[in-house]
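Working notes for the structure below.
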There are 4 protein chains.
Amino acid sequence: MKALVYQGPGKKALENRPTPEIAQATDAIVRVVKNTICGTDLHILKGDVPACAPGRILGHEGVGIVEKVGAGVTAFHPGDHVIVSCISSCGKCDYCRRGMYSHCVNGGWILGNVIDGTQAEFVRIPFADTSLYHIPAGANEEALVMLSDILPTGFECGVLNGRIEPGSVVAIVGAGPVGLAALLTAQFYSPAEIIMIDLDENRLDVSKQFGATVTIANNDGKAVEKVMALTGGRGVDTAIEAVGVPASFITCEAIVTPGGVIANVGVHGAKVDLHLERLWDRNIAITTRLVDTVSTPMLLKTVQSHKLDPARLITHRFRLENILDAYETFSHAASTNALKVIIEA
Amino acid sequence: MKALVYQGPGKKALENRPTPEIAQATDAIVRVVKNTICGTDLHILKGDVPACAPGRILGHEGVGIVEKVGAGVTAFHPGDHVIVSCISSCGKCDYCRRGMYSHCVNGGWILGNVIDGTQAEFVRIPFADTSLYHIPAGANEEALVMLSDILPTGFECGVLNGRIEPGSVVAIVGAGPVGLAALLTAQFYSPAEIIMIDLDENRLDVSKQFGATVTIANNDGKAVEKVMALTGGRGVDTAIEAVGVPASFITCEAIVTPGGVIANVGVHGAKVDLHLERLWDRNIAITTRLVDTVSTPMLLKTVQSHKLDPARLITHRFRLENILDAYETFSHAASTNALKVIIEA
Amino acid sequence: MKALVYQGPGKKALENRPTPEIAQATDAIVRVVKNTICGTDLHILKGDVPACAPGRILGHEGVGIVEKVGAGVTAFHPGDHVIVSCISSCGKCDYCRRGMYSHCVNGGWILGNVIDGTQAEFVRIPFADTSLYHIPAGANEEALVMLSDILPTGFECGVLNGRIEPGSVVAIVGAGPVGLAALLTAQFYSPAEIIMIDLDENRLDVSKQFGATVTIANNDGKAVEKVMALTGGRGVDTAIEAVGVPASFITCEAIVTPGGVIANVGVHGAKVDLHLERLWDRNIAITTRLVDTVSTPMLLKTVQSHKLDPARLITHRFRLENILDAYETFSHAASTNALKVIIEA
Amino acid sequence: MKALVYQGPGKKALENRPTPEIAQATDAIVRVVKNTICGTDLHILKGDVPACAPGRILGHEGVGIVEKVGAGVTAFHPGDHVIVSCISSCGKCDYCRRGMYSHCVNGGWILGNVIDGTQAEFVRIPFADTSLYHIPAGANEEALVMLSDILPTGFECGVLNGRIEPGSVVAIVGAGPVGLAALLTAQFYSPAEIIMIDLDENRLDVSKQFGATVTIANNDGKAVEKVMALTGGRGVDTAIEAVGVPASFITCEAIVTPGGVIANVGVHGAKVDLHLERLWDRNIAITTRLVDTVSTPMLLKTVQSHKLDPARLITHRFRLENILDAYETFSHAASTNALKVIIEA
């Protein structure tokens, strides 16, 4: 089968690989119908994710059709249309039993990382019963690729952790795909204001279309002053960090109101300054989270009831044989305006 | 009346001052029967609290008897025995209505800071109806001085924010009065382990007597390794920072388990390094809080029902005329083994 | 001044009454600009509310302008435009401190019940600082009459207690004003389905316009079967009782799914059968509540940010001198299609 | 093997039965070392549980040693010492993923009900990975039989649902084994008062030893007056119904304070009167629950850390060959003072 293979820092190729087989009784083999590329895949390609060894098929997102199941799989059958979760959950360990699948001692984020992933014609899914989700008949399957990772990430790490409530004032620092996923799902809770902060005018335009009430182009570095002015000096109830660099986290520290929350979504590669000398008495919470995908059933219901349209995040489509073009487009988002790109097998 | 007055950095004196008068309809004048000294008073004396101007009577803790009330006070009458809360709450503003009295726009921590405090024979209490608490008949009034600040601080900032549950593993970094207050009130929730970390052997001995299951004398700087060894490499569910310096916060970052909480209690004067490059995917929460004293009624019930004995925190007693000795004793805790000192008017 | 006075069961009249005066330091006198009639007023007129004695000016809803304030009132001044809360909250008692204003030991629902109410040119408001809300400049003041009672009631007793979440399936039994208030505010949380059940076709039509996804005219008594069929035999996550009779509560018992909530909003005059022999093992919660109006600030924010349009509940308008006509219209809602009627002073 | 078999209403016998075999890949066969009898077993014997057909081996509680595991079982191995949960959880269905194992669509309470149970030398455990719990080395295994059902039932249905907090006033109606389990675990949260109500003097004596602060022998039917007198007319924050008859539920309705909770634990065979005409405005919650055993890991931690001693519930011990005597003793608790009886294989 065709598969996109990581070949070491800076190198990748579309290779021919053997079709995966059932290895454990709890495995399923899924024919991947559509997949996508994540910012994390770009990190791997830069060599930033040491766990991911050369030779690995990348990809942890996708929808497909079950091809085969192991003897222990009872909830899925060949022919079932499924969403692949980016997190593999054994369903048995202490973390899984508490809904913290991200830290599953037998799984977690392994797909396209320490085992082969979804950017291929077929993928082996461990713990299939607790790591796949049935696609309801008649659903827009392509749109549901967004439920593998990007939407649960924005929702769980940003919106749920951020405790957004009706009437809240929210700021999202970073209008990339995950910031936009937070923006879309924040609206489940009817906040009064959602302020999007970014450098990219196109992404801010998209933010407006997606429901932001205010956008701030932070090219002048004055986002903090602007947010404080907009909120009458009060600051925001929820500040969502969706970039992963110190500067944007510091912005969140500066704009969170007493009693508010900083919900970190970004993947950080360096420490940040936590200004406890200003924050120790502010009654705030700072949260971090690797997505658990525990909200996938809830998100599916919101898609089915038209409260959420994940297709809005899709900007480009490619065939699997052209996946290198897809990477090219996705990795030059500033010029291509790419958000999420669909790769069709 | 006699009063302990801050006279600028490094200077204090027992002065004669006029007895305070009702200034607003919502004021009460309380005859202070017992008060105490807080670590914060020492900070003021170092000049670390610019809001507090020379000439201020210090003290934000105490019990006493209501002497006079303003026309708008309905819940208290002359002769009532009361606990003075360290936080003045107007009961009307948005913050007060949400139980966040610490950020009351008309009050907050003002006593012994921007208005005269309790280390005197009498004190004026603004917003008396919502800033004083009735002492039940027959209570140990001296013990209730601990409900002005130290116990609600340890409980709200450390225990409640730390979300301690039956079976939890808790570490408290810092066995000073506020760490011990957290230790005492953590036991309301039946955690499995409470690990106390400090440098002072006496305070660790006290911790053992107060219910710590393990104590770590961190003179060798190996507290992190020891906690990880004790917990089988898992770390702690709740790490309470009760010192207020970067090193102890960093310890908390290193020992918190995925899904756990770092509850900051300490007053910090400098920023700390937040290792988001290690913590971004650990599903943790970090909380800060200035005590709201919203739990005072709950704490009173636990004292009345003998679930909590605040008197255990009291090590020394002085007459008001000897308050300078009290300061001497309290500020040399390492040699005097002082925890909380009572000053009797 | 003109005032609508209860004269004993079945009797009411527009009388001339003296303008109220400040009685306590915490009082305000408000010139009532707009008020409305509540279903509870009709109950009083039937003689169902023994606490309300003949001679009482009715009405517990309205907006107006502060005329005078007592010496202890600090948050409001003459000329301020205000919403009158149906619940008077002293802000001091244990219940008020816990946000349960409905059970304020000094207030609660007293207006138009045990003290004179808002269906008059002026009204005395006790505990003004904690029982009035400022109207933001430029707001639609008439619409805000709906924030005195009907919207917080539907929201707190139905929606908040009902724990509605994104993707939830909700049924509201009763499409009168309070059921519709629950319908409007339920949408803050993006439920997947909101099923409205009533006998009145007009109210069901209104429900559709207000966002119900399904309506059931229960003239054939088959609502339970229909709900179960619509939900694939699963039942609803949240069942809101908004009528106040045994039959509608029994309907809720029959349609709530395991793990769900029955949120009672209706005012009941009789006991109901609780089928614990079927429900003991269903992991459900049943909640009751007299509105606390603790959500009024949140609701105001949702109105200001256009997430909620309370004006949709207003169907008729009258001058105060014609308030008897207003009662006539409101009490014959089946023929007049009245929801809420505005009475203008 | 020897097994206690239900032979239809009023009839049971110790029979010889074939040893169970692995039927599904997710099964384990457990050699039962100790089991016990539940009040529910007595209900089955009366013919009150139609799902349970004659020929069924009874019992849903016990500890044992894993004998064999199916191909899909990964967390348990032959020789492992285990607690058998009364609830079988597939770990995959929507209910299991939400922690509501009681309503598992593939399991739930099936053991000793619709499949053969633990009152035998061996038992087949479906979904072993998610329905068994490892016994820590050195634990008192007999005491852990109490973690199969009685302690999680008292804790989850009574204490967790009852939202007990430090300082709470709690009443438990019914001092049988499940009421006592609630009493023991309620103390995790340091309530101020725990009032036990029963007719049986011995059980009330036991209650005192187990930590009740007050006991009420309700032979005169005056429990409600007494509770109201004890609480100064206020009532209790949490009322736990642990009997399962209308009268005790009605008692709970009469003593719950505004803002309080009635947590139903009892198994009810008849409807009860819910006095909504008195309760509609009291801001209470009523909860029902079949135990989920989701708290078993937490309870194990509290046992290991000596916060809970389950052995206190054990009053009698029998050999499996004498299980009919064990039933005789358990079913005549009033004369034998039996709480939980241990049956040793």
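Here's how to read the names in the structure tokens: chain A, B, ... by the order shown, residue numbers from 1 in each chain, ligand numbers from 1 in the order shown.
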
- Item | DSSP-assigned helix (DSSP H, G or I) among stretch 180-343 of chain B, expressed as a PyMOL selection string | chain B and resi 180-189+201-210+218-220+223-230+246-255+276-279+296-304+310-313+320-331+333-336

- Message: Applying 10 Å and only C-alpha atoms, which residues near C:His316 remain after dropping the ones on its own chain fewer than 6 positions away? List them as number ranges by chain.
- Response: C: 326, 329-330, 336-343

Let's have the selection written as a tab-separated table (two decimals), in the first residue's frame, with C-alpha atoms.
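Dumped everything to again_9.tsv:
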chain	number	residue	atom	x	y	z
C	326	ALA	CA	-53.96	43.53	31.16
C	329	THR	CA	-55.74	39.45	28.61
C	330	PHE	CA	-53.06	37.62	30.57
C	336	THR	CA	-55.52	35.95	23.60
C	337	ASN	CA	-52.23	34.14	22.94
C	338	ALA	CA	-50.70	36.30	25.64
C	339	LEU	CA	-47.25	35.40	26.91
C	340	LYS	CA	-46.02	38.37	28.92
C	341	VAL	CA	-47.90	41.64	29.03
C	342	ILE	CA	-46.15	44.94	29.69
C	343	ILE	CA	-47.80	47.52	31.91

- Query: Do you know which residues are at most 12 Å from C:Ala137 counting only C-alpha atoms, after dropping those on the same chain fewer than 4 positions away, and could you put them as a list in words?
  - Reply: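 Near neighbours after the sequence-gap exclusion: Asp80, His81, Val82, Glu141 and Gln304 of chain C.
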
File dump, residues just selected, N, CA, C and O atoms, as a tab-separated table (two decimals), in the first residue's frame:
chain	number	residue	atom	x	y	z
C	80	ASP	N	-30.82	56.51	38.78
C	80	ASP	CA	-30.33	55.26	38.19
C	80	ASP	C	-31.49	54.45	37.61
C	80	ASP	O	-32.54	54.29	38.25
C	81	HIS	N	-31.25	53.90	36.42
C	81	HIS	CA	-32.24	53.00	35.82
C	81	HIS	C	-31.95	51.58	36.29
C	81	HIS	O	-30.80	51.13	36.23
C	82	VAL	N	-33.00	50.91	36.77
C	82	VAL	CA	-32.78	49.63	37.44
C	82	VAL	C	-33.79	48.56	37.05
C	82	VAL	O	-34.92	48.86	36.67
C	141	GLU	N	-35.06	48.76	27.75
C	141	GLU	CA	-35.49	48.59	29.15
C	141	GLU	C	-36.72	47.72	29.27
C	141	GLU	O	-36.86	46.95	30.21
C	304	GLN	N	-27.02	41.82	26.54
C	304	GLN	CA	-26.18	42.88	25.97
C	304	GLN	C	-25.39	42.37	24.76
C	304	GLN	O	-25.08	43.12	23.85

- Message: Matching each Cα of chain A to its counterpart in chain D by order, what RMSD results from the least-squares fit?
- Response: 0.0 Å

- Message: I need the residue nearest D:Ser295 from this list: A:Arg97, A:Arg163, A:Arg203, A:His43. Use only C-alpha atoms for the distance.
- Response: A:Arg97

Taking only C-alpha atoms into account, which residues of chain D are within 7 Å of chain A, as a PDB file with N, CA and C atoms, in the first residue's frame?
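As written to disk, selection-v8.pdb reads:
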ATOM      1  N   ALA D  25     -13.737 -14.327  25.107  1.00  0.00           N
ATOM      2  CA  ALA D  25     -12.316 -13.979  25.231  1.00  0.00           C
ATOM      3  C   ALA D  25     -12.045 -13.018  26.389  1.00  0.00           C
ATOM      4  N   GLY D  72      -8.571 -12.426  25.462  1.00  0.00           N
ATOM      5  CA  GLY D  72      -8.611 -10.963  25.401  1.00  0.00           C
ATOM      6  C   GLY D  72      -8.318 -10.280  26.730  1.00  0.00           C
ATOM      7  N   GLY D  91     -16.665  -1.655  29.700  1.00  0.00           N
ATOM      8  CA  GLY D  91     -15.621  -0.663  29.466  1.00  0.00           C
ATOM      9  C   GLY D  91     -15.694   0.013  28.112  1.00  0.00           C
ATOM     10  N   LYS D  92     -16.691  -0.320  27.314  1.00  0.00           N
ATOM     11  CA  LYS D  92     -16.738   0.173  25.933  1.00  0.00           C
ATOM     12  C   LYS D  92     -17.977   0.998  25.611  1.00  0.00           C
ATOM     13  N   ASP D 129     -11.249  -7.612  32.685  1.00  0.00           N
ATOM     14  CA  ASP D 129     -10.310  -6.488  32.799  1.00  0.00           C
ATOM     15  C   ASP D 129     -10.933  -5.266  33.445  1.00  0.00           C
ATOM     16  N   THR D 130     -12.233  -5.109  33.271  1.00  0.00           N
ATOM     17  CA  THR D 130     -12.893  -3.920  33.800  1.00  0.00           C
ATOM     18  C   THR D 130     -13.910  -4.252  34.900  1.00  0.00           C
TER      19      THR D 130
END

- Message: Can you tell me which residues surround C:Lys2 at a distance of at most 8 Å, considering only C-alpha atoms, apart from same-chain residues fewer than 5 positions away, and format the answer as a ChimeraX atom specification?
- Response: /C:14-17,120-121,320-321

So that I can see what lies close to A:Ile65, please list as an mmCIF file with N, CA, C and O atoms, in the first residue's frame the residues with an atom at most 12 Å from it, counting only C-alpha atoms and leaving out residues fewer than 2 positions away in the same chain.
data_model
loop_
_atom_site.group_PDB
_atom_site.id
_atom_site.type_symbol
_atom_site.label_atom_id
_atom_site.label_comp_id
_atom_site.auth_asym_id
_atom_site.auth_seq_id
_atom_site.Cartn_x
_atom_site.Cartn_y
_atom_site.Cartn_z
ATOM 1 N N ALA A 28 -8.029 -3.485 15.190
ATOM 2 C CA ALA A 28 -8.802 -3.487 13.939
ATOM 3 C C ALA A 28 -7.890 -2.954 12.830
ATOM 4 O O ALA A 28 -6.979 -2.174 13.084
ATOM 5 N N ILE A 29 -8.135 -3.432 11.626
ATOM 6 C CA ILE A 29 -7.501 -2.826 10.451
ATOM 7 C C ILE A 29 -8.563 -1.958 9.790
ATOM 8 O O ILE A 29 -9.674 -2.417 9.513
ATOM 9 N N VAL A 30 -8.200 -0.692 9.565
ATOM 10 C CA VAL A 30 -9.136 0.258 8.962
ATOM 11 C C VAL A 30 -8.586 0.705 7.609
ATOM 12 O O VAL A 30 -7.407 1.056 7.492
ATOM 13 N N ARG A 31 -9.441 0.631 6.572
ATOM 14 C CA ARG A 31 -9.095 1.223 5.281
ATOM 15 C C ARG A 31 -9.333 2.728 5.413
ATOM 16 O O ARG A 31 -10.468 3.160 5.699
ATOM 17 N N VAL A 32 -8.279 3.504 5.261
ATOM 18 C CA VAL A 32 -8.372 4.947 5.481
ATOM 19 C C VAL A 32 -8.982 5.591 4.237
ATOM 20 O O VAL A 32 -8.410 5.504 3.147
ATOM 21 N N VAL A 33 -10.108 6.234 4.423
ATOM 22 C CA VAL A 33 -10.768 6.886 3.281
ATOM 23 C C VAL A 33 -10.282 8.335 3.146
ATOM 24 O O VAL A 33 -9.984 8.796 2.046
ATOM 25 N N LYS A 34 -10.196 9.017 4.261
ATOM 26 C CA LYS A 34 -9.683 10.388 4.256
ATOM 27 C C LYS A 34 -8.813 10.582 5.500
ATOM 28 O O LYS A 34 -9.151 10.089 6.577
ATOM 29 N N GLY A 62 -8.197 10.689 10.803
ATOM 30 C CA GLY A 62 -8.790 10.110 9.603
ATOM 31 C C GLY A 62 -10.128 9.447 9.852
ATOM 32 O O GLY A 62 -10.535 9.205 10.989
ATOM 33 N N VAL A 63 -10.811 9.198 8.743
ATOM 34 C CA VAL A 63 -12.023 8.373 8.763
ATOM 35 C C VAL A 63 -11.804 7.230 7.788
ATOM 36 O O VAL A 63 -10.991 7.332 6.859
ATOM 37 N N GLU A 67 -11.863 -2.969 8.035
ATOM 38 C CA GLU A 67 -11.554 -4.051 7.086
ATOM 39 C C GLU A 67 -11.570 -5.395 7.810
ATOM 40 O O GLU A 67 -12.164 -6.353 7.333
ATOM 41 N N LYS A 68 -10.930 -5.444 8.956
ATOM 42 C CA LYS A 68 -10.835 -6.685 9.736
ATOM 43 C C LYS A 68 -10.821 -6.296 11.200
ATOM 44 O O LYS A 68 -10.361 -5.213 11.559
ATOM 45 N N VAL A 69 -11.268 -7.227 12.054
ATOM 46 C CA VAL A 69 -11.151 -6.991 13.494
ATOM 47 C C VAL A 69 -10.570 -8.225 14.165
ATOM 48 O O VAL A 69 -10.763 -9.354 13.693
ATOM 49 N N PHE A 76 -17.164 -3.217 16.840
ATOM 50 C CA PHE A 76 -16.978 -2.839 15.431
ATOM 51 C C PHE A 76 -16.872 -4.082 14.568
ATOM 52 O O PHE A 76 -16.364 -5.117 15.020
ATOM 53 N N HIS A 77 -17.321 -3.945 13.339
ATOM 54 C CA HIS A 77 -17.340 -5.072 12.406
ATOM 55 C C HIS A 77 -16.877 -4.592 11.042
ATOM 56 O O HIS A 77 -17.013 -3.407 10.725
ATOM 57 N N PRO A 78 -16.352 -5.510 10.238
ATOM 58 C CA PRO A 78 -15.941 -5.120 8.888
ATOM 59 C C PRO A 78 -17.091 -4.400 8.180
ATOM 60 O O PRO A 78 -18.259 -4.809 8.286
ATOM 61 N N GLY A 79 -16.742 -3.326 7.512
ATOM 62 C CA GLY A 79 -17.757 -2.539 6.811
ATOM 63 C C GLY A 79 -18.232 -1.328 7.583
ATOM 64 O O GLY A 79 -18.810 -0.405 6.998
ATOM 65 N N ASP A 80 -17.960 -1.289 8.876
ATOM 66 C CA ASP A 80 -18.378 -0.129 9.680
ATOM 67 C C ASP A 80 -17.582 1.113 9.274
ATOM 68 O O ASP A 80 -16.357 1.054 9.120
ATOM 69 N N HIS A 81 -18.273 2.217 9.153
ATOM 70 C CA HIS A 81 -17.617 3.495 8.886
ATOM 71 C C HIS A 81 -17.232 4.118 10.224
ATOM 72 O O HIS A 81 -18.060 4.203 11.127
ATOM 73 N N VAL A 82 -15.975 4.555 10.313
ATOM 74 C CA VAL A 82 -15.458 4.957 11.629
ATOM 75 C C VAL A 82 -14.605 6.224 11.563
ATOM 76 O O VAL A 82 -13.981 6.529 10.548
ATOM 77 N N ILE A 83 -14.593 6.922 12.690
ATOM 78 C CA ILE A 83 -13.613 7.969 12.941
ATOM 79 C C ILE A 83 -12.475 7.332 13.728
ATOM 80 O O ILE A 83 -12.712 6.604 14.692
ATOM 81 N N VAL A 84 -11.248 7.622 13.311
ATOM 82 C CA VAL A 84 -10.069 7.185 14.050
ATOM 83 C C VAL A 84 -9.714 8.288 15.049
ATOM 84 O O VAL A 84 -9.556 9.444 14.655
ATOM 85 N N GLU A 121 -2.995 3.779 3.010
ATOM 86 C CA GLU A 121 -4.263 3.180 2.580
ATOM 87 C C GLU A 121 -4.952 2.394 3.687
ATOM 88 O O GLU A 121 -6.175 2.284 3.722
ATOM 89 N N PHE A 122 -4.130 1.838 4.578
ATOM 90 C CA PHE A 122 -4.684 1.079 5.702
ATOM 91 C C PHE A 122 -3.923 1.428 6.968
ATOM 92 O O PHE A 122 -2.749 1.818 6.906
ATOM 93 N N VAL A 123 -4.589 1.241 8.108
ATOM 94 C CA VAL A 123 -3.922 1.476 9.385
ATOM 95 C C VAL A 123 -4.401 0.435 10.397
ATOM 96 O O VAL A 123 -5.565 0.017 10.359
ATOM 97 N N ARG A 124 -3.484 0.013 11.228
ATOM 98 C CA ARG A 124 -3.853 -0.889 12.324
ATOM 99 C C ARG A 124 -4.181 -0.026 13.541
ATOM 100 O O ARG A 124 -3.375 0.820 13.944
ATOM 101 N N ILE A 125 -5.357 -0.248 14.112
ATOM 102 C CA ILE A 125 -5.814 0.529 15.269
ATOM 103 C C ILE A 125 -5.844 -0.374 16.495
ATOM 104 O O ILE A 125 -6.677 -1.274 16.585
ATOM 105 N N LEU A 132 -12.026 3.836 18.302
ATOM 106 C CA LEU A 132 -12.759 4.194 17.080
ATOM 107 C C LEU A 132 -14.146 4.687 17.489
ATOM 108 O O LEU A 132 -14.651 4.355 18.556
ATOM 109 N N TYR A 133 -14.767 5.448 16.604
ATOM 110 C CA TYR A 133 -16.134 5.921 16.838
ATOM 111 C C TYR A 133 -16.962 5.673 15.594
ATOM 112 O O TYR A 133 -16.500 5.960 14.480
ATOM 113 N N HIS A 134 -18.159 5.151 15.776
ATOM 114 C CA HIS A 134 -19.058 4.903 14.646
ATOM 115 C C HIS A 134 -19.499 6.216 13.998
ATOM 116 O O HIS A 134 -19.852 7.167 14.694
ATOM 117 N N ILE A 135 -19.500 6.223 12.670
ATOM 118 C CA ILE A 135 -20.026 7.376 11.936
ATOM 119 C C ILE A 135 -21.507 7.118 11.658
ATOM 120 O O ILE A 135 -21.858 6.088 11.098
ATOM 121 N N GLU A 141 -18.778 12.515 5.982
ATOM 122 C CA GLU A 141 -17.631 11.808 6.558
ATOM 123 C C GLU A 141 -16.363 12.638 6.508
ATOM 124 O O GLU A 141 -15.544 12.603 7.429
ATOM 125 N N ALA A 345 -7.769 8.780 0.028
ATOM 126 C CA ALA A 345 -7.053 7.573 -0.412
ATOM 127 C C ALA A 345 -7.648 7.064 -1.729
ATOM 128 O O ALA A 345 -8.781 7.352 -2.053
#

- At what distance in Å, to one decimal, does atom CA of C:Phe249 lie from atom CA of C:Val214?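 So the answer is 19.4 Å.
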
- atom CA of B:Val227 to atom CA of B:Val173, distance in Å rounded to a single decimal: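 Computed distance, atom CA of B:Val227 to atom CA of B:Val173, equals 11.2 Å.
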
- Message: I need the strand (DSSP E or B) residues of stretch 140-237 of chain B per DSSP on the backbone, written as a list of chain:residue names.
- Response: B:Val169, B:Val170, B:Ala171, B:Ile172, B:Val173, B:Glu193, B:Ile194, B:Ile195, B:Met196, B:Ile197, B:Asp198, B:Val214, B:Thr215, B:Ile216, B:Ala217, B:Val236, B:Asp237

Residues as selected, C-alpha atoms, written as a PDB file, in the first residue's frame, can you do that?
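Wrote out.pdb, looks like this:
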ATOM      1  CA  VAL B 169      -1.586  11.733  47.715  1.00  0.00           C
ATOM      2  CA  VAL B 170      -0.733  15.267  48.819  1.00  0.00           C
ATOM      3  CA  ALA B 171       2.563  17.075  49.257  1.00  0.00           C
ATOM      4  CA  ILE B 172       2.844  20.364  51.097  1.00  0.00           C
ATOM      5  CA  VAL B 173       6.015  22.301  50.456  1.00  0.00           C
ATOM      6  CA  GLU B 193      -0.787  10.443  52.212  1.00  0.00           C
ATOM      7  CA  ILE B 194       0.298  13.912  53.235  1.00  0.00           C
ATOM      8  CA  ILE B 195       3.989  14.504  52.663  1.00  0.00           C
ATOM      9  CA  MET B 196       5.408  17.608  54.361  1.00  0.00           C
ATOM     10  CA  ILE B 197       8.610  19.128  52.989  1.00  0.00           C
ATOM     11  CA  ASP B 198      10.636  21.722  54.890  1.00  0.00           C
ATOM     12  CA  VAL B 214       5.708  11.406  55.781  1.00  0.00           C
ATOM     13  CA  THR B 215       8.106  14.290  56.363  1.00  0.00           C
ATOM     14  CA  ILE B 216      11.065  15.226  54.203  1.00  0.00           C
ATOM     15  CA  ALA B 217      13.859  17.431  55.493  1.00  0.00           C
ATOM     16  CA  VAL B 236       1.369  13.549  43.894  1.00  0.00           C
ATOM     17  CA  ASP B 237      -2.248  14.378  43.145  1.00  0.00           C
TER      18      ASP B 237
END

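Using only C-alpha atoms, the protein and nucleic acid residues lying no more than 8 Å from A:Gly269, apart from those fewer than 4 places from it along its own chain, are A:Gly244, A:Val245, B:Leu276, B:Glu277.
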
Go ahead and save the residues from that selection, with C-alpha atoms, as a PDB file, in the first residue's frame.
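Okay, result.pdb is ready:
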ATOM      1  CA  GLY A 244       2.872  27.309  21.994  1.00  0.00           C
ATOM      2  CA  VAL A 245       5.462  30.054  22.469  1.00  0.00           C
TER       3      VAL A 245
ATOM      4  CA  LEU B 276       5.541  24.167  29.976  1.00  0.00           C
ATOM      5  CA  GLU B 277       7.875  22.193  27.730  1.00  0.00           C
TER       6      GLU B 277
END
